[in-house]
Each structure stands twice: as structure tokens, then as C-alpha cells.
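Let me begin by presenting the structure, written as C-alpha cells, before commenting on it.
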Amino acid sequence: MGNNVVIFPTQETALFGICPKCGRADGFVNIGRVQVFFCNQHRTKWWAGANLFSGRCDENPEIWEENKRQLAAFRDVEPLWPADHQNSDNTNRNLSDAT
Ligand SMILES: [Zn+2]
């Protein structure tokens, strides 16, 4: 991967989805306003969202094209969302408590 990759600590990547095969994310790149996370080991990628982070004004369409090229060989996958799973667990527990 190139120099445009932002590496995140695992704790934070969990908020933006993780690789369904290994539960990790190696980082993300910006493509326009969209942040695409990826796993190098399994060559997976997924959209985390758009405009997640500010201060991206230093990047330009050339960099985005480069990022897109780098991820071209990666497979689109549905990421896991550990944060969501936690929330739904809590919801289920509350519902069963009520009944
Ligand atoms: Zn992986």
C-alpha cells in the first residue's frame, strides 16, 4: 500500500467495521469524501461511510485515483460491526426483561 493509508488502532476501527474473516482492519484510505477500510491479509474492503473525518482538504483527486487503484484488487465485503452487536445484545436483554 502507498503512503496515503491511515492506520487506526484496533479499538477505533471497530467503530467503522472490521474484516469478517479476521476481525481486524489495517486502516483506510479516502476516495473523495468516502472512507474505505480494508484488510491487507484477506484483501477485503468495505465502505465505512462518508465525511467521517475532517481535515482531509490536503488530499486531491489524483490521490483518490491512486487510492482507488490500490484497492482495485480488493474484494467488497460486508464488514462486521462489533459496536452494533453490543447494542443489539443490550436491546434483546431489555426486551426479554420486560416480558
Ligand atoms: Zn482480514
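Labeling convention for the C-alpha cells: chains A, B, ... as they appear, residues from 1 per chain, ligands from 1 in order of appearance.
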For A:Cys19: contacts at 9 Å, only C-alpha atoms, fewer than 4 positions along chain excluded, given as a ChimeraX atom specification: /A:23-25,37-39,42,44-46,77-80
Contacts of stretch 67-71 of chain A at 10 Å or less, counting only C-alpha atoms, minus same-chain residues fewer than 2 places along, as a PyMOL selection string? chain A and resi 1-5+28-32+36-38+40+43-45+61-65+73-76
Give the answer as one residue: which of A:Gln41, A:Gly17, A:Gly27, A:Arg33 has the shortest atom-to-atom distance to ligand 1, using only C-alpha atoms and all ligand atoms?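 Closest residue, counting only C-alpha atoms and all ligand atoms: A:Gln41.
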Here is a test: counting only C-alpha atoms, which residue of A:Lys21, A:Phe16, A:Trp81, A:Ala72 is nearest to A:Gly49?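 Checking each of A:Lys21, A:Phe16, A:Trp81, A:Ala72 against A:Gly49, counting only C-alpha atoms, the winner is A:Phe16.
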Please, what distance in Å, to one decimal, runs between atom CA of A:Phe53 and atom CA of A:Val34?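 Distance reported for this atom pair: 9.7 Å.
Proximity ranking of A:Ala48, A:Ile7, A:Cys22, A:Leu15 relative to ligand 1 places A:Cys22 first, based on only C-alpha atoms and all ligand atoms.
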